[in-house]
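**Student:** Here it is, the structure in full.
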Amino acid sequence: MSELIHTIREKSQELLAAGRVDGILCLVRDRFDVVQPRLIFRAEEIGSIETSPKWNLAKLALQTIRQSGPSFRLAVVCRGCDERALLELAKRNQFDATRITVLGYTCSREQAESCLCVRPYPEKPLAGEKIEGVDPFADPRVSALLTGDEGKRMARWAGLLSRCIKCYGCRNACPICVCTPCKLEDDLWVERAVVPTELIPYHLIRAFHLSDTCVACGACQDACPVGIPLLTLQLLMRRRLQERYAYEAGLEADRKSPLLMDFDHASPAGFELPAWTVSSEAPHER
Amino acid sequence: MNAPERNDKKPSPRVLVFACRWCALVGADAAGRKKTELPASFRVIPVECASMVEPDSVLRALASGADGVAVMGCHLGGCRFNDANHVAVKRMEALGDLLDTVGIGRRRLLLSFGTAHEGHEFAEILGNFLQELGPLPELTPWRKTLLNLPAFR
Amino acid sequence: MSAESVRERTPRDLPRGMSEKTEDMVPIEDRSGSTACCGEVRFVRTTCPYCGTGCGVILKVEGGRLTRTLPDREHPVSRGTLCVKGWSAHEFVASPDRLTQPLLRDGDSFRPIPWDEAIALAAGKLRETADRHGPDAVGGLSSAKCTNEENYLFQRLIRAAFRTNNVDHCARLCHAPTTVAMVQTLGSGAMTNSIADLAGADFILVIGSNAAESHPVLMGEIYKAIDRGARLVVVDPRRTAVAENAAEHLRIRPGSDIPLLNGMMRHLVDAKLYDEAFIRERTEAFPEFLEYLKGWTVEGAARETGIPTEKIREIAEGYARAPQAAVVYCMGITQHACGTANVIAVCDLAMLCGQVGKEFSGIYPLRGQNNVQGACDMGALPNVFPGYQAVSDPTLRAKFAQAWGVAELTDRPGLTVTEMISQAGKGIRALYIMAENPMLSDPDVTHVMHSLKKLDFLIVQDIFLTETARLAHLVLPGACFAEKTGTFTNTERRFQLLRRAVAPPGEALDDFAILCRLSRALDVPVPYDTPAAAMEEIAALCPAYGGIRHSRLEKAGLQWPCPHLDHPGTRFLHQGRFSRGLGHFVRPDHTPPQEMPDREYPFYLSTGRMFAHYHTGTMTRRSPFLNREKEGAYAEIHPEDAARLTVGPGDMIRISTRRGSIVTAAVLTTRVAPGTVFVPFHFAEARANVLTNPVLDPVSKIPEFKVCAARVEKEAVDGKP
């Protein structure tokens with residue numbers, strides 16, 4: 001058994017025995033050697049806690065907390081991306097952050113490369129060694145979609161999004177997509193009952209709603225049956241947030257998103273008027 | 001949007017303009033009253049403030065047939081609603097990033113704050129925008145046959 | 001149950017993510033001492049009940065109820081993805097419409113009766129019918145939705161209790177041509193390769209399948225192939241989502257598939273692009289087939305199909321030259337009066353080019369129902385026992401008779417679904433229908449209703465009071481996928497386990513238990529009480545499933561053939577030799593559609609599926625999320641036709657055929673060609689099958705659902721046009 005799993009199981013045992021949590025949400029390997037999520041209440045089950053494959057649990061954690069009584073405390077055995085998702089949810093008052101304890105572990109190099117993850121670790125991992133992240137923009141598939149001839153990319157993206165079969169999997173799997181009602185289900189915005197789904201209203205509305213809150217966990221892409229590179233949709237917006245506002249979703253618990261949550265520090269950083277407009281006012285930096 | 005077409009082979013790009021009624025709409029009206037030479041293929045939706053325009057509306061407009069969308073508000077520092085237009089700028093900038101991502105391009109989203117409140121300015125800005133849009137590829141791969149949407153009947 | 005009452009009684013749309021009522025929470029006693037309050041939460045791995053892809057789903061059970069369906073990242077087929085129906089698989093389970101007690105007809109309505117009485121009545125009436133009118137007066141329609149073990153018990157009951165072979169199921173309406181044609185040509189009527197093989201193909205020909213809507217997760221494998229550079233060519237009169245995403249969409253005239261395939265083969269023969277070595281070593285009857293092909297030309301194909309000659313040559317060459325080429329097909333070619341011949345032509349093409357019997361290539365009939373493959377495998381067919389063992393063989397009859405504890409079984413082939421229904425009241429006096437809804441799914445449903453009403457006794461076993469159940473004398477409440485154990489077999493021959501997540505409602509019983517009781521009441525001994533034990537009996541009797549045990553299926557299931565306990569299952573068939581030895585080239589005898597548009601009925605009418613609903617809608621129209629996605633009946637019509645009829649989006653139109661007429665809402669789209677209307681068959685309030693032509697393929701007896709002639713008119717509303 002790896003040291004990582006050992007540490008996780010030990011800590012879980014400790015928390016449960018001391019009564020500091022009431023349940024542990026994690027993956028387990030059952031007696032048939034199959035991994036699946038489990039909500040553990042009893043110490044006997046801790047020996048089957050597993051940490052792979054990659055399986056995002058943040059949304060399940062949120063649902064569990066919401067559907068339990070007010071004093072239920074949950075521990076979640078998860079990766080960095082889940083931790084960041086939970087932080088974003090807490091930031092948006094989706095649950096009481098004091099009720100969840102993250103038992104975070106780091107990701108392997110293979111996993112980081114598979115997810116193109118810039119931060120394959122939780123902030124303070126319980127187990128595992130932090131490794132350097134991967135720059136998604138260096139990946140040829142990503143750069144093919146984000147750089148180069150605009151017309152070609154427009155056709156390529158339209159072609160990929162045209163595969164959409166309206167499973168709502170991306171929305172269902174995304175830990176941040178918790179709105180009720182969900183705009184994507186409103187036929188004023190997205191035509192119903194047709195596939196391919198209306199490309200712009202479904203996918204671009206969803207992508208924009210997540211623009212400042214996506215933690216790049218990739219659950220959307222993992223849930224897509226037809227291989228649409230959904231994570232790549234968010235990457236440029238995330239980078240620009242970093243460049244303009246030094247902001248990355250999922251990291252700072254007390255900092256609201258400068259984009260959609262912040263009306264106090266309203267300076268639009270980096271905004272330039274188009275060169276060919278005639279402007280009659282002074283520079284706009286405040 | 002059934003705007004009359006020009007005599008060019010390619011129809012004129014269709015533009016939806018969200019104009020804040022405190023500044024930009026004044027310019028649009030003025031241009032209309034003076035019968036300034038205006039391209040025909042645009043429509044104006046007056047809004048109370050540019051910050052009222054949801055990015056989703058811009059996307060819906062592009063999906064429904066607009067080749068470009070203009071969001072026009074008052075000059076930064078001059079918003080009647082406490083710098084709400086700053087918020088609008090931030091959001092629309094981010095929307096521009098998304099449009100760049102998918103190759104639709106932020107050039108299809110015109111942001112004008114405080115530059116369109118005179119008739120001739122409005123006309124010039126819009127005219128330039130339409131010229132910019134002209135050579136861009138059609139968004140047809142992105143549009144379904146929108147014959148059945150309840151809102152558009 | 002009218003559509004309105006279904007809508008009224010469907011639980012209000014539960015907003016996603018909102019907590020359930022806290023009164024349902026059970027405080028945990030043995031916890032840390034704080035009233036932590038989280039009820040039972042379990043995650044149960046099982047198999048999706050909708051289509052033949054057979055995705056893995058994880059049901060979340062809270063307080064004894066299903067609250068959510070999640071994808072299974074470990075599943076070999078679905079790998080963490082689901083379609084919208086899969087994500088909603090739990091929604092119908094707790095519907096207030098669920099049948100909870102056996103019901104006896106009482107005039108125009110029903111009254112509940114206890115199980116003992118129901119079983120005794122069912123057994124008594126069936127026995128009485130057989131005694132009075134002969135064994136073939138009794139018939140059974142088994143269920144492509146129920147498990148393998150249930151299907152096995154069902155056909156066992158019918159055959160052993162009554163000495164008749166009148167057992168069939170809805171495969172008759174979809175892939176009967178596949179089972180017949182592929183057995184004739186290759187020796188085995190199942191998908192030759194695995195779903196995952198599609199991802200490795202270089203050329204994929206999709207003919208008559210809208211996999212993007214009917215088998216969405218499977219479609220993902222095709223997209224994987226495209227991501228690797230494969231070429232997708234789609235042949236379909238409609239511009240489906242698959243066609244939209246293909247390199248080439250050939251808009252074929254309805255019912256001209258054999259001219260196309262023969263034209264392709266003719267070109268490949270002329271251009272010497274066929275696989276001579278493969279034909280020489282692996283097949284027979286090729287010289288006769290070559291003679292036959294002389295009567296077919298590319299130009300003739302172009303004339304009949306409306307597809308240009310260059311395209312026909314191009315796709316033929318693409319298929320033949322590709323290192324691995326796959327042909328995927330579904331209802332678009334089977335549901336024709338020449339459905340069997342259509343599939344034969346597909347198999348001939350694959351053999352001609354050597355594109356079968358190896359990985360990543362092959363022939364992919366996409367089985368529709370979650371367990372239609374299994375229902376066929378388990379012998380719910382009038383001419384074969386389980387494992388496709390012929391009833392005509394006396395050794396096999398003796399083997400099964402002995403296993404089932406009866407003196408003998410009959411060799412008289414039984415009637416098919418379509419025949420049993422049209423014979424109702426005549427040759428067939430009593431029917432036992434398990435989880436099928438012919439009142440919506442069979443052609444010419446007006447005639448179905450009249451026929452079923454003529455039966456002396458009709459037993460319907462189902463989970464809802466379907467349109468068919470309403471006509472029954474006795475209704476038995478069964479259980480759904482989440483409430484039973486057993487196995488389904490998906491379209492790639494994979495046996496997969498179901499695990500029970502919740503109890504059936506009220507007094508409903510799982511169908512396995514009902515069949516055990518009924519068998520015993522009919523003096524057919526059943527020496528076991530669990531599906532796992534039944535599977536052992538099945539494995540003992542069917543060499544192809546010899547190695548199948550529930551205990552071996554826990555991880556990823558097993559694909560048959562799996563002849564013994566150490567066998568790992570079979571990824572693809574016909575490697576080295578075909579199931580019948582040599583592949584047999586068979587002439588596909590073409591029949592044009594039996595009813596073509598004419599002056600009185602100028603439109604082509606086609607029927608089929610759409611992604612948000614499933615088949616006759618019994619489950620999906622009781623699922624709030626799916627019902628919101630598409631709430632009511634509709635028909636697709638081309639905008640040019642709509643304009644001519646002054647029909648706008650959403651306007652009501654009347655579609656009429658020689659069988660009847662329906663009124664439904666118009667959806668304007670260029671997906672259909674001008675002059676064609678497409679009606680999905682999911683909606684009880686506007687039944688596509690009121691319109692369809694009951695003419696059958698003479699070989700496999702499948703109805704011609706895909707083509708008939710129709711008239712379309714704008715429907716006056718309140719007397720105003």
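Scheme for the structure tokens: letters A, B, ... for chains in order shown; per-chain residue numbers from 1; ligand numbers from 1 in order shown.
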Please determine the contact residues of chain B with respect to chain A at a cut-off of 6 Å, counting only C-alpha atoms, and supply them as a PyMOL selection string.

**Tutor:** chain B and resi 56+60+63+86+90+97+101-104+115+141-142+149

**Student:** If you count only C-alpha atoms, which residues fall within 10 Å of C:Val391, apart from same-chain ones fewer than 3 positions away, as a list in words?

**Tutor:** Asn165, Gly379, Pro382, Asn383, Val384, Phe385, Pro386, Tyr388, Pro394, Thr395, Leu396, Arg397, Ala398, Phe400, Leu409, Thr410, Asp411, Arg412, Pro413 and Gly414 of chain C

**Student:** As a ChimeraX atom specification, could you give me every residue of chain C near chain B (at most 8 Å apart, counting only C-alpha atoms)?

**Tutor:** /C:649-650,667-670

**Student:** Extract, using only C-alpha atoms, all DNA, RNA and protein residues at most 6 Å from C:Thr664, discarding same-chain residues fewer than 4 positions from it, and format them as a list in words.

**Tutor:** Ala633, Tyr634, Met652 and Ile653 of chain C

**Student:** List every residue of stretch 19-145 of chain A that DSSP, applied to the backbone, labels as helix (DSSP H, G or I), and write the result as number ranges by chain.

**Tutor:** A: 43-48, 58-66, 80-91, 97-99, 109-115, 136-138, 140-145

**Student:** Residues as selected, C-alpha atoms, written as a CSV table (one decimal), in the first residue's frame, can you do that?

**Tutor:**
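Once everything was written out, this is part.csv:
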```csv
chain,number,residue,atom,x,y,z
A,43,ALA,CA,-14.3,2.7,10.9
A,44,GLU,CA,-14.4,-0.9,9.5
A,45,GLU,CA,-14.7,0.5,6.0
A,46,ILE,CA,-11.6,2.8,6.1
A,47,GLY,CA,-9.4,0.0,5.0
A,48,SER,CA,-10.9,0.1,1.6
A,58,ALA,CA,-16.8,18.1,-4.7
A,59,LYS,CA,-20.3,18.1,-6.0
A,60,LEU,CA,-21.2,14.9,-4.1
A,61,ALA,CA,-19.8,16.5,-1.0
A,62,LEU,CA,-22.0,19.6,-1.5
A,63,GLN,CA,-25.0,17.5,-2.1
A,64,THR,CA,-24.3,15.4,1.0
A,65,ILE,CA,-23.9,18.4,3.2
A,66,ARG,CA,-27.0,20.0,1.9
A,80,GLY,CA,-6.5,19.8,-5.2
A,81,CYS,CA,-9.1,20.5,-7.8
A,82,ASP,CA,-11.9,19.3,-5.6
A,83,GLU,CA,-10.5,21.4,-2.7
A,84,ARG,CA,-10.6,24.5,-4.9
A,85,ALA,CA,-14.1,23.8,-6.1
A,86,LEU,CA,-15.2,23.5,-2.5
A,87,LEU,CA,-13.5,26.7,-1.7
A,88,GLU,CA,-15.3,28.5,-4.5
A,89,LEU,CA,-18.7,27.0,-3.4
A,90,ALA,CA,-18.1,28.1,0.2
A,91,LYS,CA,-17.1,31.6,-1.1
A,97,ALA,CA,-17.3,25.8,5.2
A,98,THR,CA,-16.8,24.8,8.8
A,99,ARG,CA,-18.7,21.5,8.1
A,109,ARG,CA,2.9,13.5,-12.8
A,110,GLU,CA,0.9,11.3,-15.2
A,111,GLN,CA,-2.4,12.6,-13.8
A,112,ALA,CA,-1.2,16.2,-14.0
A,113,GLU,CA,-0.2,15.8,-17.6
A,114,SER,CA,-3.5,14.0,-18.4
A,115,CYS,CA,-5.5,16.9,-16.8
A,136,PRO,CA,-1.9,23.7,-20.6
A,137,PHE,CA,-1.0,26.3,-23.2
A,138,ALA,CA,2.0,24.3,-24.1
A,140,PRO,CA,-0.4,21.1,-28.8
A,141,ARG,CA,-4.1,20.2,-28.7
A,142,VAL,CA,-4.8,23.2,-26.6
A,143,SER,CA,-2.7,25.6,-28.6
A,144,ALA,CA,-4.3,24.3,-31.8
A,145,LEU,CA,-7.7,25.4,-30.4
```

**Student:** In terms of the shortest atom-to-atom distance over only C-alpha atoms, which of C:Arg517, C:Arg654, C:Arg552, C:His638 is closest to C:Ala120?

**Tutor:**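 Distance minimum relative to C:Ala120 lands on C:Arg517.
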
**Student:** So which residues touch B:Gly119 within 8 Å, counting only C-alpha atoms, skipping near sequence neighbours fewer than 6 positions away, as number ranges by chain?

**Tutor:** B: 26-32, 34, 36

**Student:** Next, dump the selected residues to file, keeping only C-alpha atoms, as a PDB file, in the first residue's frame.

**Tutor:**
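Resulting contents of part.pdb:
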```pdb
ATOM      1  CA  VAL B  26     -28.813  60.097 -27.548  1.00  0.00           C
ATOM      2  CA  GLY B  27     -26.238  59.670 -30.251  1.00  0.00           C
ATOM      3  CA  ALA B  28     -28.300  57.064 -32.040  1.00  0.00           C
ATOM      4  CA  ASP B  29     -31.365  59.295 -31.978  1.00  0.00           C
ATOM      5  CA  ALA B  30     -29.396  62.275 -33.137  1.00  0.00           C
ATOM      6  CA  ALA B  31     -27.992  60.352 -36.040  1.00  0.00           C
ATOM      7  CA  GLY B  32     -31.443  59.263 -36.974  1.00  0.00           C
ATOM      8  CA  LYS B  34     -30.241  64.353 -38.760  1.00  0.00           C
ATOM      9  CA  THR B  36     -26.985  60.936 -41.143  1.00  0.00           C
TER      10      THR B  36
END
```

**Student:** For C:Leu153, list every protein, DNA or RNA residue within 7 Å, evaluated using only C-alpha atoms, and leave out those in the same chain fewer than 4 positions away; present the list as a list in words.

**Tutor:**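 Returned residues: Glu149, Leu157 and Leu515 of chain C.
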
**Student:** Rounded to one decimal place, report the atom CA of C:Val524-atom CA of C:Arg156 distance in Å.

**Tutor:**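 Taking atom CA of C:Val524 and atom CA of C:Arg156, their separation equals 8.7 Å.
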
**Student:** I'd like to know which of A:Val102, A:Val28, A:Ala193, A:Cys174 is closest to chain C, using only C-alpha atoms.

**Tutor:** A:Ala193

**Student:** Point out the residue among C:Ser78, C:Thr570, C:Gln369, C:Thr418 with the least atom-to-atom distance to chain A, counting only C-alpha atoms.

**Tutor:**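 Ranked by minimum distance to chain A, first place goes to C:Ser78.
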
**Student:** State, in Å with one decimal place, the distance from atom CA of A:Leu103 to atom CA of A:Cys179.

**Tutor:** 26.4 Å

**Student:** How would you write, as a ChimeraX atom specification, the set of residues in stretch 12-209 of chain A that DSSP gives as strand (DSSP E or B)?

**Tutor:** /A:23-29,35-40,49-50,74-78,100-105,127

**Student:** Applying 6 Å and only C-alpha atoms, which residues near C:Cys353 remain after dropping the ones on its own chain fewer than 2 positions away? List them as a ChimeraX atom specification.

**Tutor:** /C:274-275,320,350-351,355

**Student:** How would the residues just picked look written out with N, CA and C atoms as an mmCIF file, in the first residue's frame?

**Tutor:**
```cif
data_model
loop_
_atom_site.group_PDB
_atom_site.id
_atom_site.type_symbol
_atom_site.label_atom_id
_atom_site.label_comp_id
_atom_site.auth_asym_id
_atom_site.auth_seq_id
_atom_site.Cartn_x
_atom_site.Cartn_y
_atom_site.Cartn_z
ATOM 1 N N TYR C 274 -11.936 -5.527 -54.233
ATOM 2 C CA TYR C 274 -12.424 -6.396 -53.179
ATOM 3 C C TYR C 274 -11.307 -7.305 -52.684
ATOM 4 N N ASP C 275 -11.518 -7.937 -51.557
ATOM 5 C CA ASP C 275 -10.473 -8.719 -50.897
ATOM 6 C C ASP C 275 -10.527 -10.168 -51.404
ATOM 7 N N ALA C 320 -13.637 0.085 -48.827
ATOM 8 C CA ALA C 320 -12.817 -1.064 -49.211
ATOM 9 C C ALA C 320 -11.343 -0.842 -48.915
ATOM 10 N N ALA C 350 -19.434 -6.375 -46.265
ATOM 11 C CA ALA C 350 -18.329 -6.561 -45.315
ATOM 12 C C ALA C 350 -17.464 -7.753 -45.710
ATOM 13 N N MET C 351 -18.100 -8.830 -46.158
ATOM 14 C CA MET C 351 -17.327 -10.002 -46.569
ATOM 15 C C MET C 351 -16.551 -9.718 -47.837
ATOM 16 N N GLN C 355 -13.784 -6.944 -44.309
ATOM 17 C CA GLN C 355 -13.822 -6.034 -43.169
ATOM 18 C C GLN C 355 -14.609 -6.631 -42.001
#
```
